[in-house]
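Visitor: See query.tsv below, with TSV, C-alpha atoms and all ligand atoms.
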chain	number	residue	atom	x	y	z
A	1	MET	CA	0.00	0.00	0.00
A	2	TRP	CA	1.31	3.42	-0.92
A	3	LEU	CA	0.54	6.93	0.23
A	4	LEU	CA	0.63	9.51	-2.54
A	5	ASP	CA	0.90	13.18	-1.62
A	6	VAL	CA	-1.37	14.96	-4.10
A	7	HIS	CA	-0.08	18.40	-3.07
A	8	GLN	CA	-3.56	19.56	-2.20
A	9	PHE	CA	-3.96	23.30	-2.77
A	10	GLY	CA	-0.38	23.31	-4.08
A	11	VAL	CA	1.12	22.46	-0.70
A	12	PRO	CA	2.83	19.18	0.31
A	13	GLY	CA	1.64	17.30	3.39
A	14	GLN	CA	-2.00	18.42	3.17
A	15	GLY	CA	-3.79	15.83	1.06
A	16	ALA	CA	-3.12	12.11	0.58
A	17	ILE	CA	-4.58	9.33	-1.44
A	18	TYR	CA	-3.74	5.68	-0.83
A	19	ILE	CA	-2.98	3.18	-3.57
A	20	LEU	CA	-3.59	-0.53	-3.00
A	21	LYS	CA	-1.59	-2.52	-5.50
A	22	GLY	CA	-2.40	-6.08	-6.55
A	23	LYS	CA	-5.29	-7.92	-8.09
A	24	ARG	CA	-8.29	-5.60	-8.25
A	25	ALA	CA	-6.12	-2.60	-7.41
A	26	ALA	CA	-7.75	0.34	-5.70
A	27	ILE	CA	-7.35	3.95	-4.72
A	28	VAL	CA	-8.68	5.45	-1.52
A	29	GLU	CA	-9.85	9.02	-2.24
A	30	SER	CA	-9.36	10.81	-5.55
A	31	GLY	CA	-8.21	14.24	-4.39
A	32	THR	CA	-9.45	17.24	-6.33
A	33	SER	CA	-9.40	17.31	-10.13
A	34	HIS	CA	-5.95	18.92	-9.85
A	35	ALA	CA	-4.57	15.59	-8.52
A	36	ARG	CA	-5.35	13.62	-11.68
A	37	GLU	CA	-1.96	13.70	-13.43
A	38	ARG	CA	-0.09	12.96	-10.21
A	39	ILE	CA	-2.28	9.92	-9.55
A	40	LEU	CA	-2.00	8.58	-13.10
A	41	SER	CA	1.81	8.95	-13.03
A	42	ALA	CA	1.95	7.18	-9.67
A	43	LEU	CA	-0.01	4.25	-11.13
A	44	ASP	CA	2.43	4.12	-14.03
A	45	GLU	CA	5.39	4.22	-11.68
A	46	LEU	CA	3.96	1.37	-9.62
A	47	ALA	CA	3.30	-0.58	-12.86
A	48	ILE	CA	-0.42	-0.73	-12.14
A	49	ARG	CA	-2.28	-0.98	-15.43
A	50	ARG	CA	-5.20	1.38	-15.71
A	51	GLU	CA	-7.62	-1.45	-16.52
A	52	ASP	CA	-6.54	-3.26	-13.34
A	53	VAL	CA	-7.92	-0.58	-11.02
A	54	ALA	CA	-11.24	-1.88	-9.72
A	55	TRP	CA	-12.23	0.66	-7.08
A	56	ILE	CA	-11.94	4.28	-6.08
A	57	PHE	CA	-13.06	4.29	-2.45
A	58	LEU	CA	-14.45	7.73	-1.61
A	59	THR	CA	-14.92	8.62	2.05
A	60	HIS	CA	-17.30	11.44	1.17
A	61	VAL	CA	-18.12	13.78	-1.67
A	62	HIS	CA	-16.31	16.94	-0.55
A	63	LEU	CA	-14.11	18.06	-3.41
A	64	ASP	CA	-10.77	17.47	-1.72
A	65	HIS	CA	-11.80	13.80	-1.43
A	66	ALA	CA	-13.97	13.07	-4.46
A	67	GLY	CA	-13.70	16.03	-6.83
A	68	GLY	CA	-11.30	14.25	-9.15
A	69	ALA	CA	-13.15	10.91	-9.23
A	70	GLY	CA	-15.14	11.59	-12.40
A	71	GLY	CA	-12.02	12.60	-14.33
A	72	LEU	CA	-10.08	9.58	-13.06
A	73	LEU	CA	-12.85	7.15	-14.01
A	74	GLN	CA	-12.49	8.32	-17.61
A	75	GLU	CA	-8.89	7.01	-17.47
A	76	LEU	CA	-9.60	3.84	-15.49
A	77	PRO	CA	-11.97	1.86	-17.71
A	78	GLU	CA	-12.87	-0.92	-15.26
A	79	ALA	CA	-13.06	1.11	-12.07
A	80	LYS	CA	-16.11	2.09	-10.07
A	81	ALA	CA	-16.29	4.80	-7.45
A	82	VAL	CA	-17.55	3.55	-4.09
A	83	VAL	CA	-19.73	6.07	-2.29
A	84	HIS	CA	-22.27	6.37	0.54
A	85	GLU	CA	-25.89	6.22	-0.63
A	86	ARG	CA	-26.46	9.78	0.56
A	87	GLY	CA	-23.53	11.05	-1.50
A	88	ALA	CA	-24.19	9.31	-4.81
A	89	ARG	CA	-26.55	11.87	-6.33
A	90	HIS	CA	-24.00	14.65	-5.78
A	91	LEU	CA	-21.48	12.74	-7.87
A	92	MET	CA	-23.97	12.11	-10.68
A	93	GLU	CA	-25.18	15.72	-10.67
A	94	PRO	CA	-22.49	17.86	-9.01
A	95	SER	CA	-23.91	21.35	-9.62
A	96	ARG	CA	-25.55	21.78	-6.20
A	97	LEU	CA	-22.50	20.41	-4.46
A	98	LEU	CA	-20.24	22.82	-6.35
A	99	ALA	CA	-22.47	25.75	-5.41
A	100	SER	CA	-22.40	24.76	-1.74
A	101	VAL	CA	-18.62	24.35	-1.77
A	102	GLN	CA	-18.26	27.74	-3.40
A	103	ALA	CA	-20.40	29.28	-0.67
A	104	ALA	CA	-18.33	27.59	2.04
A	105	VAL	CA	-14.81	28.20	0.74
A	106	ARG	CA	-15.38	31.53	-0.98
A	107	ASP	CA	-12.22	32.92	-2.63
A	108	ARG	CA	-10.40	29.61	-2.29
A	109	PHE	CA	-12.83	27.92	-4.71
A	110	PRO	CA	-10.41	27.64	-7.69
A	111	LEU	CA	-8.11	25.50	-5.54
A	112	TYR	CA	-10.89	22.90	-5.37
A	113	GLY	CA	-10.79	22.24	-9.12
A	114	THR	CA	-13.72	21.09	-11.21
A	115	MET	CA	-15.95	18.04	-11.10
A	116	SER	CA	-17.06	15.77	-13.95
A	117	PRO	CA	-20.42	14.10	-13.37
A	118	ILE	CA	-20.15	10.34	-12.82
A	119	PRO	CA	-22.56	8.09	-14.76
A	120	GLU	CA	-24.67	5.87	-12.54
A	121	ASP	CA	-23.12	2.66	-13.90
A	122	ARG	CA	-19.66	3.81	-12.74
A	123	LEU	CA	-20.82	4.24	-9.14
A	124	HIS	CA	-21.06	1.58	-6.47
A	125	VAL	CA	-23.31	2.62	-3.62
A	126	ALA	CA	-21.88	0.94	-0.53
A	127	HIS	CA	-23.90	-0.16	2.44
A	128	ASP	CA	-22.60	-0.19	5.99
A	129	ASP	CA	-20.31	-3.18	6.65
A	130	GLU	CA	-20.07	-4.08	2.97
A	131	LEU	CA	-16.88	-6.00	2.17
A	132	PHE	CA	-14.67	-5.41	-0.85
A	133	THR	CA	-11.63	-7.23	-2.19
A	134	ALA	CA	-9.02	-4.72	-3.25
A	135	GLY	CA	-5.31	-5.17	-3.93
A	136	GLY	CA	-5.08	-8.20	-1.66
A	137	PHE	CA	-6.88	-6.42	1.17
A	138	ARG	CA	-10.35	-7.06	2.53
A	139	ILE	CA	-11.86	-3.61	2.85
A	140	ARG	CA	-14.97	-2.97	4.91
A	141	ALA	CA	-17.11	0.15	4.45
A	142	VAL	CA	-18.00	1.75	7.79
A	143	ASP	CA	-20.85	4.25	7.99
A	144	SER	CA	-19.36	7.21	9.86
A	145	PRO	CA	-21.58	10.31	9.88
A	146	GLY	CA	-20.70	13.54	11.71
A	147	HIS	CA	-18.24	15.40	9.50
A	148	ALA	CA	-20.89	14.87	6.82
A	149	PRO	CA	-24.00	12.67	6.85
A	150	HIS	CA	-22.68	10.73	3.87
A	151	HIS	CA	-19.25	9.80	5.27
A	152	LEU	CA	-17.75	6.32	5.05
A	153	CYS	CA	-14.50	5.15	6.59
A	154	TYR	CA	-12.81	2.08	5.16
A	155	PHE	CA	-11.28	-0.61	7.33
A	156	ALA	CA	-8.72	-3.16	6.19
A	157	ALA	CA	-9.83	-5.72	8.77
A	158	GLY	CA	-6.93	-8.17	8.43
A	159	GLU	CA	-4.27	-5.50	8.89
A	160	ARG	CA	-6.45	-3.33	11.17
A	161	LEU	CA	-5.78	-0.22	9.13
A	162	LEU	CA	-8.46	2.46	9.16
A	163	PHE	CA	-8.84	4.99	6.35
A	164	THR	CA	-10.37	7.83	8.27
A	165	GLY	CA	-11.31	10.42	5.64
A	166	ASP	CA	-12.32	13.44	7.72
A	167	ALA	CA	-14.20	11.52	10.45
A	168	THR	CA	-11.27	11.82	12.85
A	169	GLY	CA	-10.23	15.37	12.02
A	170	LEU	CA	-7.12	16.69	10.37
A	171	TYR	CA	-3.70	15.49	11.46
A	172	LEU	CA	-1.23	17.99	10.07
A	173	SER	CA	2.42	18.06	11.14
A	174	GLU	CA	1.38	15.51	13.78
A	175	LYS	CA	-1.17	17.84	15.35
A	176	LEU	CA	-4.89	17.17	15.45
A	177	LEU	CA	-7.17	19.90	14.16
A	178	PRO	CA	-10.95	20.04	14.04
A	179	SER	CA	-12.66	19.40	10.73
A	180	THR	CA	-16.12	20.77	11.40
A	181	VAL	CA	-16.94	22.39	8.10
A	182	PRO	CA	-20.31	23.55	6.78
A	183	PRO	CA	-22.96	22.64	5.86
A	184	SER	CA	-23.65	19.51	7.90
A	185	PHE	CA	-21.14	18.97	10.72
A	186	ASP	CA	-22.91	17.34	13.68
A	187	LEU	CA	-21.20	16.97	17.06
A	188	ASP	CA	-23.29	14.11	18.48
A	189	LEU	CA	-23.02	12.06	15.32
A	190	SER	CA	-19.26	12.69	15.22
A	191	LEU	CA	-18.78	11.52	18.80
A	192	ALA	CA	-20.85	8.37	18.20
A	193	THR	CA	-18.80	7.67	15.07
A	194	LEU	CA	-15.54	8.03	17.01
A	195	ASP	CA	-16.77	5.44	19.53
A	196	ARG	CA	-17.72	3.12	16.71
A	197	LEU	CA	-14.33	3.51	15.04
A	198	ALA	CA	-12.53	2.86	18.34
A	199	ALA	CA	-14.54	-0.37	18.73
A	200	LEU	CA	-12.94	-1.62	15.50
A	201	ARG	CA	-9.61	-1.54	17.40
A	202	PRO	CA	-7.54	-0.22	14.51
A	203	LYS	CA	-3.78	-0.47	14.74
A	204	LYS	CA	-3.19	2.60	12.61
A	205	LEU	CA	-5.22	5.51	11.35
A	206	LEU	CA	-4.60	6.56	7.76
A	207	PHE	CA	-5.61	10.20	7.45
A	208	THR	CA	-6.41	11.88	4.15
A	209	HIS	CA	-5.01	15.04	5.79
A	210	PHE	CA	-2.36	13.64	6.32
A	211	GLY	CA	-0.65	10.28	6.73
A	212	THR	CA	-0.52	7.71	9.52
A	213	GLY	CA	-1.42	8.24	13.15
A	214	SER	CA	-1.89	6.25	16.33
A	215	PRO	CA	-5.37	4.94	17.33
A	216	ASN	CA	-5.07	7.02	20.53
A	217	LEU	CA	-5.98	9.97	18.34
A	218	LEU	CA	-9.60	8.75	18.26
A	219	ALA	CA	-10.11	9.54	21.95
A	220	GLN	CA	-8.08	12.73	21.65
A	221	TYR	CA	-10.28	13.89	18.81
A	222	SER	CA	-13.44	13.33	20.88
A	223	GLY	CA	-12.06	15.65	23.55
A	224	LEU	CA	-10.84	18.16	21.02
A	225	LEU	CA	-14.22	18.30	19.25
A	226	ARG	CA	-16.15	18.94	22.45
A	227	ALA	CA	-13.72	21.71	23.46
A	228	TRP	CA	-13.79	23.24	19.97
A	229	VAL	CA	-17.59	23.41	19.85
A	230	ASP	CA	-17.67	24.83	23.39
A	231	ARG	CA	-15.10	27.45	22.38
A	232	VAL	CA	-17.01	28.59	19.32
A	233	ALA	CA	-20.26	28.69	21.33
A	234	ARG	CA	-18.59	30.83	24.02
A	235	LEU	CA	-16.91	33.22	21.59
A	236	ARG	CA	-20.04	33.50	19.47
A	237	ALA	CA	-21.92	34.98	22.41
A	238	GLY	CA	-19.50	37.92	22.59
A	239	ALA	CA	-18.57	38.49	18.95
A	240	ALA	CA	-20.12	41.30	16.92
A	241	ASP	CA	-20.09	39.32	13.70
A	242	GLU	CA	-18.77	36.16	12.10
A	243	GLY	CA	-15.50	37.78	11.01
A	244	GLU	CA	-14.69	38.77	14.59
A	245	LEU	CA	-15.66	35.31	15.84
A	246	VAL	CA	-13.37	33.59	13.32
A	247	ALA	CA	-10.47	35.92	14.20
A	248	ARG	CA	-10.87	35.30	17.93
A	249	ALA	CA	-11.18	31.52	17.54
A	250	LEU	CA	-8.06	31.39	15.36
A	251	GLY	CA	-6.23	33.67	17.80
A	252	GLU	CA	-7.01	31.33	20.72
A	253	ALA	CA	-6.05	28.30	18.67
A	254	ALA	CA	-2.71	29.87	17.74
A	255	ARG	CA	-1.95	30.72	21.38
A	256	GLU	CA	-2.49	27.05	22.25
A	257	GLY	CA	0.00	26.04	19.60
A	258	LEU	CA	-2.41	24.68	17.01
A	259	PRO	CA	-0.75	25.00	13.61
A	260	THR	CA	-2.72	27.67	11.85
A	261	GLY	CA	-0.34	28.29	8.92
A	262	PRO	CA	-1.51	26.52	5.77
A	263	ALA	CA	-4.48	25.17	7.77
A	264	ARG	CA	-5.78	28.68	8.57
A	265	GLY	CA	-8.42	28.57	5.86
A	266	ASP	CA	-9.57	25.12	7.00
A	267	LEU	CA	-9.88	26.29	10.59
A	268	ALA	CA	-11.83	29.40	9.61
A	269	MET	CA	-14.23	27.14	7.74
A	270	SER	CA	-14.45	24.86	10.74
A	271	VAL	CA	-15.50	27.82	12.89
A	272	ARG	CA	-18.27	28.60	10.41
A	273	GLY	CA	-19.34	24.94	10.36
A	274	VAL	CA	-19.81	24.97	14.14
A	275	VAL	CA	-21.76	28.25	13.96
A	276	GLN	CA	-24.10	26.64	11.46
A	277	TYR	CA	-24.41	23.51	13.60
A	278	LEU	CA	-25.22	25.55	16.74
A	279	ALA	CA	-27.81	27.58	14.85
A	280	GLN	CA	-29.46	24.43	13.53
A	281	ARG	CA	-29.43	22.87	16.99
A	282	GLU	CA	-31.12	25.96	18.38
A	283	GLY	CA	-33.66	25.80	15.60
A	284	THR	CA	-32.89	29.29	14.31
A	285	THR	CA	-32.25	28.27	10.71
B	1	ZN	ZN	-11.09	16.86	3.64
Show me this structure written as structure tokens.
Ligand SMILES: [Zn+2]
Guide:
Amino acid sequence: MWLLDVHQFGVPGQGAIYILKGKRAAIVESGTSHARERILSALDELAIRREDVAWIFLTHVHLDHAGGAGGLLQELPEAKAVVHERGARHLMEPSRLLASVQAAVRDRFPLYGTMSPIPEDRLHVAHDDELFTAGGFRIRAVDSPGHAPHHLCYFAAGERLLFTGDATGLYLSEKLLPSTVPPSFDLDLSLATLDRLAALRPKKLLFTHFGTGSPNLLAQYSGLLRAWVDRVARLRAGAADEGELVARALGEAAREGLPTGPARGDLAMSVRGVVQYLAQREGTT
């Protein structure tokens, strides 16, 4: 199994995909459409024939995870993209998804690339606990809502490796960061998912953002999420507007040593995701 750095947003160490070589080869995540050439060259380098790729396992349909899938499928004639049933329609008809991403990421939208619609016969809608054979691994789909309602993790049960997508946050430069982006972050669902993932007893977490981490991070992320939501709720009460709230939350995070450099935009979005979650919970939207 290989990790490929797709240089998400032009920066190394931010976005990974995983390549499972062997019979019925597979890719976990597709990156954005900007990752396409990098992924195809990596397949060539690993001597994986394009017709031997059977699966593109997508954890969810956000563009940094699935944006490039449609373009890749045009190059991988036998492959199907594996997706949660609640995400499939966004891949077949991406216009609403693109509009919602544009609203969430604002001026960073060009970094997210484009999205080719995926024909229905190139999608495989996975159900919870479904088992796949991929590159010599047995891969189990694990329903894992919270970051998004249509999130799947993938678990290589024999090796106890867990592909976490965004269900367990960001792990950049070996620091955990919240990934609580709009429009559908949900704290309670996230915490229940973290318990469920811990019950799988993984040996290693394989983050999309970025690389391998210890399973202890599951419990750490539960604590971090609760504190993060509490922080945004507290600061929201005293902030004049969203801009001030974001600035204060990032200021506090920086003082605690959270890496806010290249991740600053992600964190700002994660503040807005919590604001939206709190508003929904209060029934004001
Ligand atoms: Zn992501």
Visitor: Can you check which parts of chain A lie within 6 Å of ligand ZN 1 (chain B)? Per residue, the shortest pair of atoms and distance in Å to one decimal, counting only C-alpha atoms and all ligand atoms, sorted by chain and number, as a Markdown table.
Guide:
| residue | atom | partner | partner_atom | distance |
| --- | --- | --- | --- | --- |
| A:Asp64 | CA | B:ZN1 | ZN | 5.4 |
| A:His65 | CA | B:ZN1 | ZN | 6.0 |
| A:Asp166 | CA | B:ZN1 | ZN | 5.5 |
Visitor: Find the distance between CA of Ala156 (chain A) and CA of Ser270 (chain A) and write it in Å to one decimal.
Guide: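 Separation of CA of Ala156 (chain A) and CA of Ser270 (chain A): 29.0 Å.
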Visitor: As an MDAnalysis selection string, please: the residues near Tyr277 (chain A) (cut-off 10 Å, all atoms listed in the file, same-chain neighbours under 3 positions excluded).
Guide: chainID A and resid 180:187 229 271:274 280:283 285
Visitor: If the box runs along x, y and z of the file and leaves 3 Å on each side of region 89-103 of chain A, what are its centre and edge lengths in Å, one decimal, as AutoDock Vina command-line options?
Guide:
--center_x -22.4 --center_y 20.6 --center_z -5.7 --size_x 14.3 --size_y 23.4 --size_z 16.0
Visitor: List the residues sitting within 12 Å of (-4.3, 11.7, -8.9) in the file's frame, using all atoms listed in the file, as a PDB file with C-alpha atoms, in the coordinates of the input.
Guide:
ATOM      1  CA  LEU A   3       0.540   6.930   0.230  1.00  0.00           C
ATOM      2  CA  LEU A   4       0.630   9.510  -2.540  1.00  0.00           C
ATOM      3  CA  ASP A   5       0.900  13.180  -1.620  1.00  0.00           C
ATOM      4  CA  VAL A   6      -1.370  14.960  -4.100  1.00  0.00           C
ATOM      5  CA  HIS A   7      -0.080  18.400  -3.070  1.00  0.00           C
ATOM      6  CA  GLN A   8      -3.560  19.560  -2.200  1.00  0.00           C
ATOM      7  CA  GLY A  15      -3.790  15.830   1.060  1.00  0.00           C
ATOM      8  CA  ALA A  16      -3.120  12.110   0.580  1.00  0.00           C
ATOM      9  CA  ILE A  17      -4.580   9.330  -1.440  1.00  0.00           C
ATOM     10  CA  TYR A  18      -3.740   5.680  -0.830  1.00  0.00           C
ATOM     11  CA  ILE A  19      -2.980   3.180  -3.570  1.00  0.00           C
ATOM     12  CA  ILE A  27      -7.350   3.950  -4.720  1.00  0.00           C
ATOM     13  CA  VAL A  28      -8.680   5.450  -1.520  1.00  0.00           C
ATOM     14  CA  GLU A  29      -9.850   9.020  -2.240  1.00  0.00           C
ATOM     15  CA  SER A  30      -9.360  10.810  -5.550  1.00  0.00           C
ATOM     16  CA  GLY A  31      -8.210  14.240  -4.390  1.00  0.00           C
ATOM     17  CA  THR A  32      -9.450  17.240  -6.330  1.00  0.00           C
ATOM     18  CA  SER A  33      -9.400  17.310 -10.130  1.00  0.00           C
ATOM     19  CA  HIS A  34      -5.950  18.920  -9.850  1.00  0.00           C
ATOM     20  CA  ALA A  35      -4.570  15.590  -8.520  1.00  0.00           C
ATOM     21  CA  ARG A  36      -5.350  13.620 -11.680  1.00  0.00           C
ATOM     22  CA  GLU A  37      -1.960  13.700 -13.430  1.00  0.00           C
ATOM     23  CA  ARG A  38      -0.090  12.960 -10.210  1.00  0.00           C
ATOM     24  CA  ILE A  39      -2.280   9.920  -9.550  1.00  0.00           C
ATOM     25  CA  LEU A  40      -2.000   8.580 -13.100  1.00  0.00           C
ATOM     26  CA  SER A  41       1.810   8.950 -13.030  1.00  0.00           C
ATOM     27  CA  ALA A  42       1.950   7.180  -9.670  1.00  0.00           C
ATOM     28  CA  LEU A  43      -0.010   4.250 -11.130  1.00  0.00           C
ATOM     29  CA  ASP A  44       2.430   4.120 -14.030  1.00  0.00           C
ATOM     30  CA  ILE A  56     -11.940   4.280  -6.080  1.00  0.00           C
ATOM     31  CA  ASP A  64     -10.770  17.470  -1.720  1.00  0.00           C
ATOM     32  CA  HIS A  65     -11.800  13.800  -1.430  1.00  0.00           C
ATOM     33  CA  ALA A  66     -13.970  13.070  -4.460  1.00  0.00           C
ATOM     34  CA  GLY A  67     -13.700  16.030  -6.830  1.00  0.00           C
ATOM     35  CA  GLY A  68     -11.300  14.250  -9.150  1.00  0.00           C
ATOM     36  CA  ALA A  69     -13.150  10.910  -9.230  1.00  0.00           C
ATOM     37  CA  GLY A  70     -15.140  11.590 -12.400  1.00  0.00           C
ATOM     38  CA  GLY A  71     -12.020  12.600 -14.330  1.00  0.00           C
ATOM     39  CA  LEU A  72     -10.080   9.580 -13.060  1.00  0.00           C
ATOM     40  CA  LEU A  73     -12.850   7.150 -14.010  1.00  0.00           C
ATOM     41  CA  GLU A  75      -8.890   7.010 -17.470  1.00  0.00           C
ATOM     42  CA  LEU A  76      -9.600   3.840 -15.490  1.00  0.00           C
TER      43      LEU A  76
END
Visitor: Which residue is closest to Ser179 (chain A)? Choose from A:Ala198, A:Ala268, A:Ala104, A:Arg255 and count only C-alpha atoms.
Guide: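 Among A:Ala198, A:Ala268, A:Ala104, A:Arg255, it is A:Ala268 that comes nearest to Ser179 (chain A).
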Visitor: Take CA of Ser95 (chain A) and CA of Met115 (chain A) and report the distance between them in Å, one decimal.
Guide: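 One can read the CA of Ser95 (chain A) to CA of Met115 (chain A) distance as 8.7 Å.
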Visitor: Give me the residues within 9 Å of Leu176 (chain A) as a VMD selection string, counting all atoms listed in the file and dropping any in the same chain fewer than 5 places off.
Guide: chain A and resid 168 to 171 217 220 to 221 224 258
Visitor: Dump as JSON lines the rows for residues of region 14-67 of chain A within 8 Å of region 141-154 of chain A: closest atom pair and distance in Å with one decimal, all atoms listed in the file counted, ordered by chain and rising residue number.
Guide:
{"residue": "A:Phe57", "atom": "CA", "partner": "A:Tyr154", "partner_atom": "CA", "distance": 7.9}
{"residue": "A:Leu58", "atom": "CA", "partner": "A:Leu152", "partner_atom": "CA", "distance": 7.6}
{"residue": "A:Thr59", "atom": "CA", "partner": "A:Leu152", "partner_atom": "CA", "distance": 4.7}
{"residue": "A:His60", "atom": "CA", "partner": "A:His151", "partner_atom": "CA", "distance": 4.8}
{"residue": "A:Val61", "atom": "CA", "partner": "A:His150", "partner_atom": "CA", "distance": 7.8}
Visitor: Go through A:Val275, A:Leu191, A:Ala263, A:Phe132 one by one, measure the shortest atom-to-atom distance of each to Leu245 (chain A) using all atoms listed in the file, and give the residue with the smallest value.
Guide: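 Among A:Val275, A:Leu191, A:Ala263, A:Phe132, it is A:Val275 that comes nearest to Leu245 (chain A).
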Visitor: Quick one: pull the distance between CA of Asp107 (chain A) and CA of Gly165 (chain A), Å, one decimal.
Guide: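 Between CA of Asp107 (chain A) and CA of Gly165 (chain A) the gap works out to 24.0 Å.
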Visitor: Determine, counting all atoms listed in the file, which protein, DNA and RNA residues have an atom within 7 Å of an atom of region 120-128 of chain A; residues of the same chain fewer than 2 positions away are not included. Present the result as a list of chain:residue names.
Guide: A:Lys80, A:Ala81, A:Val82, A:Val83, A:His84, A:Glu85, A:Ala88, A:Met92, A:Ile118, A:Glu130, A:Ala141, A:Val142, A:Asp143
Visitor: Find, counting all atoms listed in the file, the residue in A:Pro178, A:Pro117, A:Gly136, A:Gly87 that gets nearest to Trp228 (chain A).
Guide: A:Pro178
Visitor: Measuring atom to atom with only C-alpha atoms, identify which of A:Gly251, A:Gly238, A:Gly135, A:Gly243 is nearest to Arg24 (chain A).
Guide: A:Gly135
Visitor: Any chance you could turn region 203-209 of chain A into a file with all heavy atoms, as a compact mmCIF listing (two decimals), in the first residue's frame?
Guide:
# COMPACT_ATOMS: atom_id res chain seq x y z
N LYS A 203 -5.17 -0.59 14.32
CA LYS A 203 -3.78 -0.47 14.74
C LYS A 203 -3.20 0.86 14.31
O LYS A 203 -2.34 1.43 14.96
CB LYS A 203 -2.94 -1.59 14.11
CG LYS A 203 -2.73 -2.77 15.04
CD LYS A 203 -1.52 -3.60 14.67
CE LYS A 203 -1.81 -4.47 13.48
NZ LYS A 203 -1.03 -5.65 13.28
N LYS A 204 -3.69 1.34 13.16
CA LYS A 204 -3.19 2.60 12.61
C LYS A 204 -4.33 3.34 11.96
O LYS A 204 -5.21 2.72 11.33
CB LYS A 204 -2.16 2.31 11.52
CG LYS A 204 -0.74 2.46 11.98
CD LYS A 204 0.21 2.36 10.82
CE LYS A 204 1.61 2.08 11.35
NZ LYS A 204 2.52 1.64 10.30
N LEU A 205 -4.29 4.66 12.08
CA LEU A 205 -5.22 5.51 11.35
C LEU A 205 -4.49 6.04 10.13
O LEU A 205 -3.34 6.46 10.22
CB LEU A 205 -5.68 6.68 12.22
CG LEU A 205 -6.20 6.34 13.62
CD1 LEU A 205 -6.71 7.62 14.30
CD2 LEU A 205 -7.29 5.29 13.57
N LEU A 206 -5.17 6.02 8.99
CA LEU A 206 -4.60 6.56 7.76
C LEU A 206 -5.43 7.78 7.36
O LEU A 206 -6.53 7.65 6.84
CB LEU A 206 -4.61 5.49 6.67
CG LEU A 206 -3.87 4.19 7.04
CD1 LEU A 206 -4.02 3.15 5.93
CD2 LEU A 206 -2.40 4.46 7.30
N PHE A 207 -4.90 8.94 7.69
CA PHE A 207 -5.61 10.20 7.45
C PHE A 207 -5.46 10.62 5.98
O PHE A 207 -4.39 10.45 5.38
CB PHE A 207 -5.02 11.32 8.30
CG PHE A 207 -5.34 11.23 9.77
CD1 PHE A 207 -4.58 10.43 10.61
CD2 PHE A 207 -6.38 11.97 10.30
CE1 PHE A 207 -4.87 10.35 11.97
CE2 PHE A 207 -6.68 11.91 11.66
CZ PHE A 207 -5.93 11.09 12.49
N THR A 208 -6.52 11.22 5.45
CA THR A 208 -6.41 11.88 4.15
C THR A 208 -5.57 13.16 4.33
O THR A 208 -4.76 13.50 3.48
CB THR A 208 -7.80 12.21 3.60
OG1 THR A 208 -8.54 10.98 3.54
CG2 THR A 208 -7.73 12.85 2.22
N HIS A 209 -5.79 13.84 5.46
CA HIS A 209 -5.01 15.04 5.79
C HIS A 209 -4.30 14.80 7.11
O HIS A 209 -4.88 15.12 8.13
CB HIS A 209 -5.90 16.26 5.93
CG HIS A 209 -7.01 16.38 4.93
ND1 HIS A 209 -6.81 16.75 3.62
CD2 HIS A 209 -8.35 16.16 5.06
CE1 HIS A 209 -7.98 16.79 2.99
NE2 HIS A 209 -8.92 16.43 3.84
